[in-house]
Structure formats: structure tokens, C-alpha cells
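Trainee: Contents of work.cif (mmCIF, N, CA and C atoms) are below:
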```cif
data_protein
loop_
_atom_site.group_PDB
_atom_site.id
_atom_site.type_symbol
_atom_site.label_atom_id
_atom_site.label_comp_id
_atom_site.auth_asym_id
_atom_site.auth_seq_id
_atom_site.Cartn_x
_atom_site.Cartn_y
_atom_site.Cartn_z
ATOM 1 N N ASN M 1 74.193 92.468 135.050
ATOM 2 C CA ASN M 1 74.376 92.789 136.459
ATOM 3 C C ASN M 1 72.992 92.968 137.102
ATOM 4 N N ASN M 2 72.694 92.160 138.100
ATOM 5 C CA ASN M 2 71.380 92.178 138.733
ATOM 6 C C ASN M 2 71.234 93.223 139.827
ATOM 7 N N GLN M 3 72.329 93.778 140.279
ATOM 8 C CA GLN M 3 72.250 94.714 141.390
ATOM 9 C C GLN M 3 71.549 95.997 140.959
ATOM 10 N N LYS M 4 70.703 96.502 141.856
ATOM 11 C CA LYS M 4 70.076 97.789 141.605
ATOM 12 C C LYS M 4 71.165 98.848 141.622
ATOM 13 N N GLN M 5 71.037 99.792 140.731
ATOM 14 C CA GLN M 5 71.986 100.899 140.742
ATOM 15 C C GLN M 5 71.629 101.812 141.905
ATOM 16 N N ARG M 6 72.600 102.115 142.727
ATOM 17 C CA ARG M 6 72.349 102.980 143.873
ATOM 18 C C ARG M 6 72.170 104.417 143.411
ATOM 19 N N ARG M 7 71.146 105.030 143.940
ATOM 20 C CA ARG M 7 70.888 106.428 143.599
ATOM 21 C C ARG M 7 71.493 107.323 144.671
ATOM 22 N N LYS M 8 71.821 108.528 144.285
ATOM 23 C CA LYS M 8 72.328 109.509 145.238
ATOM 24 C C LYS M 8 71.195 109.918 146.177
ATOM 25 N N TRP M 9 71.560 110.300 147.399
ATOM 26 C CA TRP M 9 70.589 110.673 148.422
ATOM 27 C C TRP M 9 69.616 111.732 147.901
ATOM 28 N N LYS M 10 70.140 112.759 147.252
ATOM 29 C CA LYS M 10 69.294 113.859 146.771
ATOM 30 C C LYS M 10 68.325 113.417 145.678
ATOM 31 N N GLU M 11 68.594 112.284 145.059
ATOM 32 C CA GLU M 11 67.698 111.775 144.019
ATOM 33 C C GLU M 11 66.511 111.004 144.595
ATOM 34 N N LEU M 12 66.588 110.658 145.862
ATOM 35 C CA LEU M 12 65.510 109.905 146.501
ATOM 36 C C LEU M 12 64.385 110.844 146.897
ATOM 37 N N ASP M 13 63.145 110.389 146.774
ATOM 38 C CA ASP M 13 62.043 111.227 147.243
ATOM 39 C C ASP M 13 62.031 111.216 148.768
ATOM 40 N N PHE M 14 61.318 112.172 149.329
ATOM 41 C CA PHE M 14 61.364 112.356 150.778
ATOM 42 C C PHE M 14 60.818 111.165 151.547
ATOM 43 N N LYS M 15 59.801 110.508 151.008
ATOM 44 C CA LYS M 15 59.248 109.353 151.732
ATOM 45 C C LYS M 15 60.295 108.245 151.826
ATOM 46 N N THR M 16 61.110 108.088 150.779
ATOM 47 C CA THR M 16 62.173 107.079 150.801
ATOM 48 C C THR M 16 63.273 107.491 151.780
ATOM 49 N N GLN M 17 63.650 108.757 151.737
ATOM 50 C CA GLN M 17 64.654 109.252 152.679
ATOM 51 C C GLN M 17 64.198 109.026 154.124
ATOM 52 N N ALA M 18 62.949 109.366 154.396
ATOM 53 C CA ALA M 18 62.420 109.226 155.756
ATOM 54 C C ALA M 18 62.417 107.765 156.193
ATOM 55 N N GLY M 19 62.051 106.883 155.287
ATOM 56 C CA GLY M 19 62.055 105.456 155.612
ATOM 57 C C GLY M 19 63.446 104.954 155.947
ATOM 58 N N ILE M 20 64.429 105.393 155.187
ATOM 59 C CA ILE M 20 65.817 104.990 155.432
ATOM 60 C C ILE M 20 66.301 105.549 156.770
ATOM 61 N N ARG M 21 66.086 106.846 156.968
ATOM 62 C CA ARG M 21 66.564 107.481 158.201
ATOM 63 C C ARG M 21 65.959 106.842 159.447
ATOM 64 N N CYS M 22 64.667 106.556 159.412
ATOM 65 C CA CYS M 22 64.001 106.027 160.607
ATOM 66 C C CYS M 22 64.559 104.671 161.026
ATOM 67 N N ASN M 23 65.223 103.977 160.117
ATOM 68 C CA ASN M 23 65.840 102.692 160.452
ATOM 69 C C ASN M 23 67.292 102.832 160.900
ATOM 70 N N GLU M 24 67.832 104.038 160.839
ATOM 71 C CA GLU M 24 69.223 104.257 161.245
ATOM 72 C C GLU M 24 69.293 104.526 162.743
ATOM 73 N N GLU M 25 70.161 103.794 163.412
ATOM 74 C CA GLU M 25 70.319 103.963 164.851
ATOM 75 C C GLU M 25 70.749 105.381 165.210
ATOM 76 N N ALA M 26 71.647 105.958 164.422
ATOM 77 C CA ALA M 26 72.128 107.312 164.708
ATOM 78 C C ALA M 26 70.991 108.333 164.598
ATOM 79 N N PHE M 27 70.119 108.171 163.611
ATOM 80 C CA PHE M 27 68.985 109.092 163.453
ATOM 81 C C PHE M 27 68.034 108.968 164.639
ATOM 82 N N GLN M 28 67.795 107.763 165.071
ATOM 83 C CA GLN M 28 66.938 107.535 166.233
ATOM 84 C C GLN M 28 67.528 108.207 167.475
ATOM 85 N N ARG M 29 68.848 108.078 167.641
ATOM 86 C CA ARG M 29 69.533 108.700 168.780
ATOM 87 C C ARG M 29 69.437 110.230 168.690
ATOM 88 N N PHE M 30 69.646 110.756 167.484
ATOM 89 C CA PHE M 30 69.534 112.199 167.258
ATOM 90 C C PHE M 30 68.155 112.703 167.676
ATOM 91 N N LEU M 31 67.113 112.051 167.204
ATOM 92 C CA LEU M 31 65.758 112.489 167.533
ATOM 93 C C LEU M 31 65.512 112.423 169.040
ATOM 94 N N ALA M 32 65.917 111.336 169.647
ATOM 95 C CA ALA M 32 65.692 111.174 171.087
ATOM 96 C C ALA M 32 66.439 112.250 171.872
ATOM 97 N N GLU M 33 67.682 112.531 171.487
ATOM 98 C CA GLU M 33 68.468 113.563 172.178
ATOM 99 C C GLU M 33 67.882 114.950 171.971
ATOM 100 N N GLN M 34 67.559 115.269 170.732
ATOM 101 C CA GLN M 34 67.084 116.616 170.412
ATOM 102 C C GLN M 34 65.697 116.899 170.969
ATOM 103 N N PHE M 35 64.893 115.876 171.084
ATOM 104 C CA PHE M 35 63.516 116.088 171.505
ATOM 105 C C PHE M 35 63.231 115.461 172.862
ATOM 106 N N GLU M 36 64.312 115.137 173.584
ATOM 107 C CA GLU M 36 64.261 114.712 174.979
ATOM 108 C C GLU M 36 63.284 113.570 175.239
ATOM 109 N N GLU M 37 63.435 112.541 174.457
ATOM 110 C CA GLU M 37 62.612 111.352 174.648
ATOM 111 C C GLU M 37 63.488 110.204 175.146
ATOM 112 N N ASP M 38 62.860 109.226 175.723
ATOM 113 C CA ASP M 38 63.563 108.017 176.145
ATOM 114 C C ASP M 38 63.829 107.171 174.901
ATOM 115 N N PRO M 39 65.114 106.986 174.524
ATOM 116 C CA PRO M 39 65.414 106.250 173.288
ATOM 117 C C PRO M 39 64.842 104.835 173.258
ATOM 118 N N LYS M 40 64.657 104.221 174.414
ATOM 119 C CA LYS M 40 64.157 102.844 174.434
ATOM 120 C C LYS M 40 62.679 102.779 174.039
ATOM 121 N N ARG M 41 61.958 103.857 174.308
ATOM 122 C CA ARG M 41 60.530 103.872 173.988
ATOM 123 C C ARG M 41 60.232 104.734 172.771
ATOM 124 N N PHE M 42 61.250 105.331 172.208
ATOM 125 C CA PHE M 42 61.063 106.302 171.135
ATOM 126 C C PHE M 42 60.863 105.605 169.801
ATOM 127 N N ASP M 43 59.875 106.032 169.047
ATOM 128 C CA ASP M 43 59.623 105.477 167.719
ATOM 129 C C ASP M 43 59.875 106.572 166.689
ATOM 130 N N ALA M 44 60.949 106.434 165.928
ATOM 131 C CA ALA M 44 61.354 107.463 164.974
ATOM 132 C C ALA M 44 60.278 107.698 163.918
ATOM 133 N N ALA M 45 59.670 106.633 163.424
ATOM 134 C CA ALA M 45 58.650 106.781 162.385
ATOM 135 C C ALA M 45 57.448 107.575 162.911
ATOM 136 N N ASP M 46 57.016 107.270 164.135
ATOM 137 C CA ASP M 46 55.905 108.027 164.731
ATOM 138 C C ASP M 46 56.271 109.500 164.844
ATOM 139 N N PHE M 47 57.503 109.756 165.302
ATOM 140 C CA PHE M 47 57.921 111.136 165.460
ATOM 141 C C PHE M 47 57.948 111.869 164.115
ATOM 142 N N VAL M 48 58.523 111.247 163.096
ATOM 143 C CA VAL M 48 58.621 111.893 161.781
ATOM 144 C C VAL M 48 57.223 112.200 161.237
ATOM 145 N N ARG M 49 56.299 111.278 161.384
ATOM 146 C CA ARG M 49 54.928 111.532 160.932
ATOM 147 C C ARG M 49 54.333 112.731 161.669
ATOM 148 N N TYR M 50 54.504 112.748 162.986
ATOM 149 C CA TYR M 50 53.989 113.849 163.804
ATOM 150 C C TYR M 50 54.659 115.170 163.401
ATOM 151 N N TYR M 51 55.979 115.166 163.329
ATOM 152 C CA TYR M 51 56.755 116.380 163.050
ATOM 153 C C TYR M 51 56.406 116.957 161.678
ATOM 154 N N CYS M 52 56.221 116.099 160.699
ATOM 155 C CA CYS M 52 55.928 116.546 159.336
ATOM 156 C C CYS M 52 54.430 116.745 159.092
ATOM 157 N N GLY M 53 53.609 116.383 160.066
ATOM 158 C CA GLY M 53 52.177 116.616 159.954
ATOM 159 C C GLY M 53 51.477 115.713 158.959
ATOM 160 N N VAL M 54 51.904 114.455 158.899
ATOM 161 C CA VAL M 54 51.300 113.507 157.959
ATOM 162 C C VAL M 54 50.869 112.245 158.698
ATOM 163 N N SER M 55 49.960 111.511 158.091
ATOM 164 C CA SER M 55 49.506 110.254 158.692
ATOM 165 C C SER M 55 50.399 109.091 158.269
ATOM 166 N N SER M 56 51.182 109.303 157.209
ATOM 167 C CA SER M 56 52.076 108.268 156.693
ATOM 168 C C SER M 56 53.299 108.953 156.092
ATOM 169 N N ARG M 57 54.460 108.344 156.257
ATOM 170 C CA ARG M 57 55.674 108.937 155.670
ATOM 171 C C ARG M 57 55.556 109.022 154.153
ATOM 172 N N SER M 58 54.716 108.185 153.554
ATOM 173 C CA SER M 58 54.545 108.231 152.098
ATOM 174 C C SER M 58 53.882 109.536 151.645
ATOM 175 N N LYS M 59 53.313 110.278 152.590
ATOM 176 C CA LYS M 59 52.668 111.550 152.254
ATOM 177 C C LYS M 59 53.613 112.745 152.363
ATOM 178 N N ILE M 60 54.877 112.516 152.702
ATOM 179 C CA ILE M 60 55.849 113.608 152.756
ATOM 180 C C ILE M 60 56.251 113.944 151.321
ATOM 181 N N THR M 61 55.886 115.137 150.890
ATOM 182 C CA THR M 61 56.185 115.533 149.515
ATOM 183 C C THR M 61 56.955 116.842 149.495
ATOM 184 N N SER M 62 57.779 116.998 148.485
ATOM 185 C CA SER M 62 58.710 118.127 148.428
ATOM 186 C C SER M 62 58.022 119.472 148.262
ATOM 187 N N ASP M 63 56.823 119.491 147.716
ATOM 188 C CA ASP M 63 56.191 120.773 147.419
ATOM 189 C C ASP M 63 55.147 121.186 148.462
ATOM 190 N N GLU M 64 55.177 120.568 149.605
ATOM 191 C CA GLU M 64 54.217 120.888 150.655
ATOM 192 C C GLU M 64 54.938 121.137 151.974
ATOM 193 N N PHE M 65 54.150 121.556 152.967
ATOM 194 C CA PHE M 65 54.669 121.816 154.308
ATOM 195 C C PHE M 65 55.459 120.614 154.837
ATOM 196 N N SER M 66 54.941 119.420 154.598
ATOM 197 C CA SER M 66 55.606 118.208 155.104
ATOM 198 C C SER M 66 57.032 118.100 154.559
ATOM 199 N N GLY M 67 57.214 118.473 153.316
ATOM 200 C CA GLY M 67 58.549 118.430 152.720
ATOM 201 C C GLY M 67 59.483 119.456 153.321
ATOM 202 N N GLU M 68 58.950 120.646 153.607
ATOM 203 C CA GLU M 68 59.770 121.668 154.268
ATOM 204 C C GLU M 68 60.217 121.179 155.633
ATOM 205 N N ARG M 69 59.295 120.586 156.367
ATOM 206 C CA ARG M 69 59.633 120.056 157.697
ATOM 207 C C ARG M 69 60.665 118.945 157.580
ATOM 208 N N TRP M 70 60.516 118.043 156.605
ATOM 209 C CA TRP M 70 61.468 116.955 156.433
ATOM 210 C C TRP M 70 62.856 117.510 156.100
ATOM 211 N N ARG M 71 62.903 118.469 155.178
ATOM 212 C CA ARG M 71 64.196 119.075 154.799
ATOM 213 C C ARG M 71 64.880 119.670 156.018
ATOM 214 N N TYR M 72 64.116 120.383 156.840
ATOM 215 C CA TYR M 72 64.676 121.000 158.034
ATOM 216 C C TYR M 72 65.207 119.933 158.998
ATOM 217 N N LEU M 73 64.431 118.892 159.217
ATOM 218 C CA LEU M 73 64.851 117.823 160.120
ATOM 219 C C LEU M 73 66.129 117.160 159.612
ATOM 220 N N GLU M 74 66.203 116.920 158.319
ATOM 221 C CA GLU M 74 67.397 116.308 157.714
ATOM 222 C C GLU M 74 68.608 117.231 157.871
ATOM 223 N N GLN M 75 68.420 118.528 157.681
ATOM 224 C CA GLN M 75 69.523 119.481 157.856
ATOM 225 C C GLN M 75 70.027 119.465 159.297
ATOM 226 N N GLN M 76 69.094 119.433 160.243
ATOM 227 C CA GLN M 76 69.476 119.384 161.652
ATOM 228 C C GLN M 76 70.244 118.101 161.967
ATOM 229 N N TYR M 77 69.799 117.005 161.388
ATOM 230 C CA TYR M 77 70.477 115.718 161.584
ATOM 231 C C TYR M 77 71.899 115.774 161.039
ATOM 232 N N GLN M 78 72.076 116.334 159.845
ATOM 233 C CA GLN M 78 73.411 116.430 159.252
ATOM 234 C C GLN M 78 74.328 117.294 160.117
ATOM 235 N N SER M 79 73.805 118.380 160.671
ATOM 236 C CA SER M 79 74.597 119.228 161.581
ATOM 237 C C SER M 79 74.991 118.450 162.820
ATOM 238 N N TRP M 80 74.051 117.699 163.358
ATOM 239 C CA TRP M 80 74.302 116.886 164.553
ATOM 240 C C TRP M 80 75.393 115.855 164.275
ATOM 241 N N LEU M 81 75.338 115.229 163.096
ATOM 242 C CA LEU M 81 76.365 114.250 162.725
ATOM 243 C C LEU M 81 77.741 114.905 162.637
ATOM 244 N N ARG M 82 77.810 116.089 162.028
ATOM 245 C CA ARG M 82 79.105 116.795 161.903
ATOM 246 C C ARG M 82 79.660 117.141 163.277
ATOM 247 N N GLU M 83 78.804 117.576 164.190
ATOM 248 C CA GLU M 83 79.246 117.890 165.539
ATOM 249 C C GLU M 83 79.776 116.646 166.243
ATOM 250 N N ALA M 84 79.105 115.520 166.028
ATOM 251 C CA ALA M 84 79.523 114.267 166.657
ATOM 252 C C ALA M 84 80.897 113.828 166.141
ATOM 253 N N GLU M 85 81.175 114.100 164.877
ATOM 254 C CA GLU M 85 82.480 113.730 164.286
ATOM 255 C C GLU M 85 83.607 114.556 164.881
ATOM 256 N N VAL M 86 83.319 115.780 165.241
ATOM 257 C CA VAL M 86 84.336 116.685 165.782
ATOM 258 C C VAL M 86 84.776 116.245 167.168
ATOM 259 N N VAL M 87 83.827 115.743 167.946
ATOM 260 C CA VAL M 87 84.101 115.356 169.343
ATOM 261 C C VAL M 87 85.005 114.167 169.432
#
```
What would you get if you wrote out this structure as C-alpha cells?

Mentor:
Amino acid sequence: NNQKQRRKWKELDFKTQAGIRCNEEAFQRFLAEQFEEDPKRFDAADFVRYYCGVSSRSKITSDEFSGERWRYLEQQYQSWLREAEVV
């Protein structure tokens, strides 16, 4: 079987999670709504780098400030998704 085995979200490192999220339309919408930006001009990757205090998403690591910020942002996103499902 040539297919890569899919890993669980929690098994992915933060830089991989951030890369995946930044390509999701819903995540982009969440960031734009929460941080009052124009979604058409909003760049999720730029925002994540700024928010986590790194020059590259590859520098987001679990044992540093950047990882704490990423975890918090992901938690907020999950809450936002749950609220959207209720509506």
C-alpha cells in the first residue's frame, strides 16, 4: 500500500498543524473575524507568524512561547467551530 498512513492531529508537530490550518478556508475566516481584518487581504500565514512571534511557522515549537501561542490559537479556533455548528 503506497498511501501514507494518516496521523492523528495531536501527533503532528505544531509547524505542520499551522501549515495545514493556514490553508483552510474556515481558519482564515476565523482569524479575519476574530481579529477584524479584511478577509480578502488577510494572510493567515503572516498572522500566525506574527501572533506566535516567529519568522517562520517552522519555528513554532511545543516547548517555547510560540507553541503556547499556537495551542491557544488552535483552542480558540476549535471553540469558534463548535459555536458555528450550533447556529

Trainee: Pick out the closest residue to M:Trp70 from this set: M:Ala84, M:Ala18, M:Ala44, M:Ala32. Count only C-alpha atoms.

Mentor: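 Ranked by minimum distance to M:Trp70, first place goes to M:Ala18.
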
Trainee: Need to verify the contact set: stretch 66-68 of chain M, 9 Å, only C-alpha atoms, exclusion of same-chain residues closer than 3 positions in sequence. Can you return it as an NGL selection string?

Mentor: :M and (14 or 49 or 51-54 or 59-63 or 71-73)

Trainee: May I have the selected residues written with N, CA and C atoms, as a CSV table (one decimal), keeping the file's coordinate frame?

Mentor:
```csv
chain,number,residue,atom,x,y,z
M,14,PHE,N,61.3,112.2,149.3
M,14,PHE,CA,61.4,112.4,150.8
M,14,PHE,C,60.8,111.2,151.5
M,49,ARG,N,56.3,111.3,161.4
M,49,ARG,CA,54.9,111.5,160.9
M,49,ARG,C,54.3,112.7,161.7
M,51,TYR,N,56.0,115.2,163.3
M,51,TYR,CA,56.8,116.4,163.0
M,51,TYR,C,56.4,117.0,161.7
M,52,CYS,N,56.2,116.1,160.7
M,52,CYS,CA,55.9,116.5,159.3
M,52,CYS,C,54.4,116.7,159.1
M,53,GLY,N,53.6,116.4,160.1
M,53,GLY,CA,52.2,116.6,160.0
M,53,GLY,C,51.5,115.7,159.0
M,54,VAL,N,51.9,114.5,158.9
M,54,VAL,CA,51.3,113.5,158.0
M,54,VAL,C,50.9,112.2,158.7
M,59,LYS,N,53.3,110.3,152.6
M,59,LYS,CA,52.7,111.6,152.3
M,59,LYS,C,53.6,112.7,152.4
M,60,ILE,N,54.9,112.5,152.7
M,60,ILE,CA,55.8,113.6,152.8
M,60,ILE,C,56.3,113.9,151.3
M,61,THR,N,55.9,115.1,150.9
M,61,THR,CA,56.2,115.5,149.5
M,61,THR,C,57.0,116.8,149.5
M,62,SER,N,57.8,117.0,148.5
M,62,SER,CA,58.7,118.1,148.4
M,62,SER,C,58.0,119.5,148.3
M,63,ASP,N,56.8,119.5,147.7
M,63,ASP,CA,56.2,120.8,147.4
M,63,ASP,C,55.1,121.2,148.5
M,71,ARG,N,62.9,118.5,155.2
M,71,ARG,CA,64.2,119.1,154.8
M,71,ARG,C,64.9,119.7,156.0
M,72,TYR,N,64.1,120.4,156.8
M,72,TYR,CA,64.7,121.0,158.0
M,72,TYR,C,65.2,119.9,159.0
M,73,LEU,N,64.4,118.9,159.2
M,73,LEU,CA,64.9,117.8,160.1
M,73,LEU,C,66.1,117.2,159.6
```

Trainee: When you draw a straight line from atom CA of M:Gln28 to atom CA of M:Gln5, how long is it in Å?

Mentor: 26.8 Å

Trainee: If we count all atoms listed in the file, what is near M:Gly19 at a cut-off of 8 Å, once residues fewer than 6 positions away on the same chain are taken out, given as a list in words?

Mentor: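 Residues near the query, excluding close chain neighbours: Asp13, Ala45, Arg57 and Ser58 of chain M.
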
Trainee: Could you list, as an MDAnalysis selection string, every residue within 10 Å of M:Phe30, counting only C-alpha atoms and ignoring same-chain residues fewer than 3 positions away?

Mentor: chainID M and resid 24:27 33:36 39 44 76:78 80:81

Trainee: Would you save the residues from that selection as a PDB file, keeping the file's coordinate frame, using N, CA and C atoms?

Mentor:
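Saved the output as result25.pdb:
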```pdb
ATOM      1  N   GLU M  24      67.832 104.038 160.839  1.00  0.00           N
ATOM      2  CA  GLU M  24      69.223 104.257 161.245  1.00  0.00           C
ATOM      3  C   GLU M  24      69.293 104.526 162.743  1.00  0.00           C
ATOM      4  N   GLU M  25      70.161 103.794 163.412  1.00  0.00           N
ATOM      5  CA  GLU M  25      70.319 103.963 164.851  1.00  0.00           C
ATOM      6  C   GLU M  25      70.749 105.381 165.210  1.00  0.00           C
ATOM      7  N   ALA M  26      71.647 105.958 164.422  1.00  0.00           N
ATOM      8  CA  ALA M  26      72.128 107.312 164.708  1.00  0.00           C
ATOM      9  C   ALA M  26      70.991 108.333 164.598  1.00  0.00           C
ATOM     10  N   PHE M  27      70.119 108.171 163.611  1.00  0.00           N
ATOM     11  CA  PHE M  27      68.985 109.092 163.453  1.00  0.00           C
ATOM     12  C   PHE M  27      68.034 108.968 164.639  1.00  0.00           C
ATOM     13  N   GLU M  33      67.682 112.531 171.487  1.00  0.00           N
ATOM     14  CA  GLU M  33      68.468 113.563 172.178  1.00  0.00           C
ATOM     15  C   GLU M  33      67.882 114.950 171.971  1.00  0.00           C
ATOM     16  N   GLN M  34      67.559 115.269 170.732  1.00  0.00           N
ATOM     17  CA  GLN M  34      67.084 116.616 170.412  1.00  0.00           C
ATOM     18  C   GLN M  34      65.697 116.899 170.969  1.00  0.00           C
ATOM     19  N   PHE M  35      64.893 115.876 171.084  1.00  0.00           N
ATOM     20  CA  PHE M  35      63.516 116.088 171.505  1.00  0.00           C
ATOM     21  C   PHE M  35      63.231 115.461 172.862  1.00  0.00           C
ATOM     22  N   GLU M  36      64.312 115.137 173.584  1.00  0.00           N
ATOM     23  CA  GLU M  36      64.261 114.712 174.979  1.00  0.00           C
ATOM     24  C   GLU M  36      63.284 113.570 175.239  1.00  0.00           C
ATOM     25  N   PRO M  39      65.114 106.986 174.524  1.00  0.00           N
ATOM     26  CA  PRO M  39      65.414 106.250 173.288  1.00  0.00           C
ATOM     27  C   PRO M  39      64.842 104.835 173.258  1.00  0.00           C
ATOM     28  N   ALA M  44      60.949 106.434 165.928  1.00  0.00           N
ATOM     29  CA  ALA M  44      61.354 107.463 164.974  1.00  0.00           C
ATOM     30  C   ALA M  44      60.278 107.698 163.918  1.00  0.00           C
ATOM     31  N   GLN M  76      69.094 119.433 160.243  1.00  0.00           N
ATOM     32  CA  GLN M  76      69.476 119.384 161.652  1.00  0.00           C
ATOM     33  C   GLN M  76      70.244 118.101 161.967  1.00  0.00           C
ATOM     34  N   TYR M  77      69.799 117.005 161.388  1.00  0.00           N
ATOM     35  CA  TYR M  77      70.477 115.718 161.584  1.00  0.00           C
ATOM     36  C   TYR M  77      71.899 115.774 161.039  1.00  0.00           C
ATOM     37  N   GLN M  78      72.076 116.334 159.845  1.00  0.00           N
ATOM     38  CA  GLN M  78      73.411 116.430 159.252  1.00  0.00           C
ATOM     39  C   GLN M  78      74.328 117.294 160.117  1.00  0.00           C
ATOM     40  N   TRP M  80      74.051 117.699 163.358  1.00  0.00           N
ATOM     41  CA  TRP M  80      74.302 116.886 164.553  1.00  0.00           C
ATOM     42  C   TRP M  80      75.393 115.855 164.275  1.00  0.00           C
ATOM     43  N   LEU M  81      75.338 115.229 163.096  1.00  0.00           N
ATOM     44  CA  LEU M  81      76.365 114.250 162.725  1.00  0.00           C
ATOM     45  C   LEU M  81      77.741 114.905 162.637  1.00  0.00           C
TER      46      LEU M  81
END
```

Trainee: Could you work out how far atom N of M:Arg21 lies from atom N of M:Ser56, giving the answer in Å with one decimal?

Mentor: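 About the pair atom N of M:Ser56 and atom N of M:Arg21: they are 15.1 Å apart.
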
Trainee: In Å, rounded to a single decimal, give me how far atom CA of M:Arg82 is from atom CA of M:Phe65.

Mentor: 26.1 Å

Trainee: Using only C-alpha atoms, find the one residue out of M:Leu31, M:Lys10, M:Glu74, M:Ser79 that sits nearest to M:Phe47.

Mentor: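 Between M:Leu31, M:Lys10, M:Glu74, M:Ser79, the residue approaching M:Phe47 most closely is M:Leu31.
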
Trainee: Output, as lines of an AutoDock Vina configuration file, the centre and edge lengths in Å (one decimal) of the axis-aligned box that contains all listed atoms of stretch 58-76 of chain M with 6 Å of margin on each side.

Mentor:
```
center_x = 61.5
center_y = 115.0
center_z = 154.7
size_x = 29.6
size_y = 25.6
size_z = 26.5
```

Trainee: Report the residues of chain M whose backbone DSSP state falls under alpha helix (DSSP H), written as a PyMOL selection string.

Mentor: chain M and resi 14-22+25-34+44-52+65-86
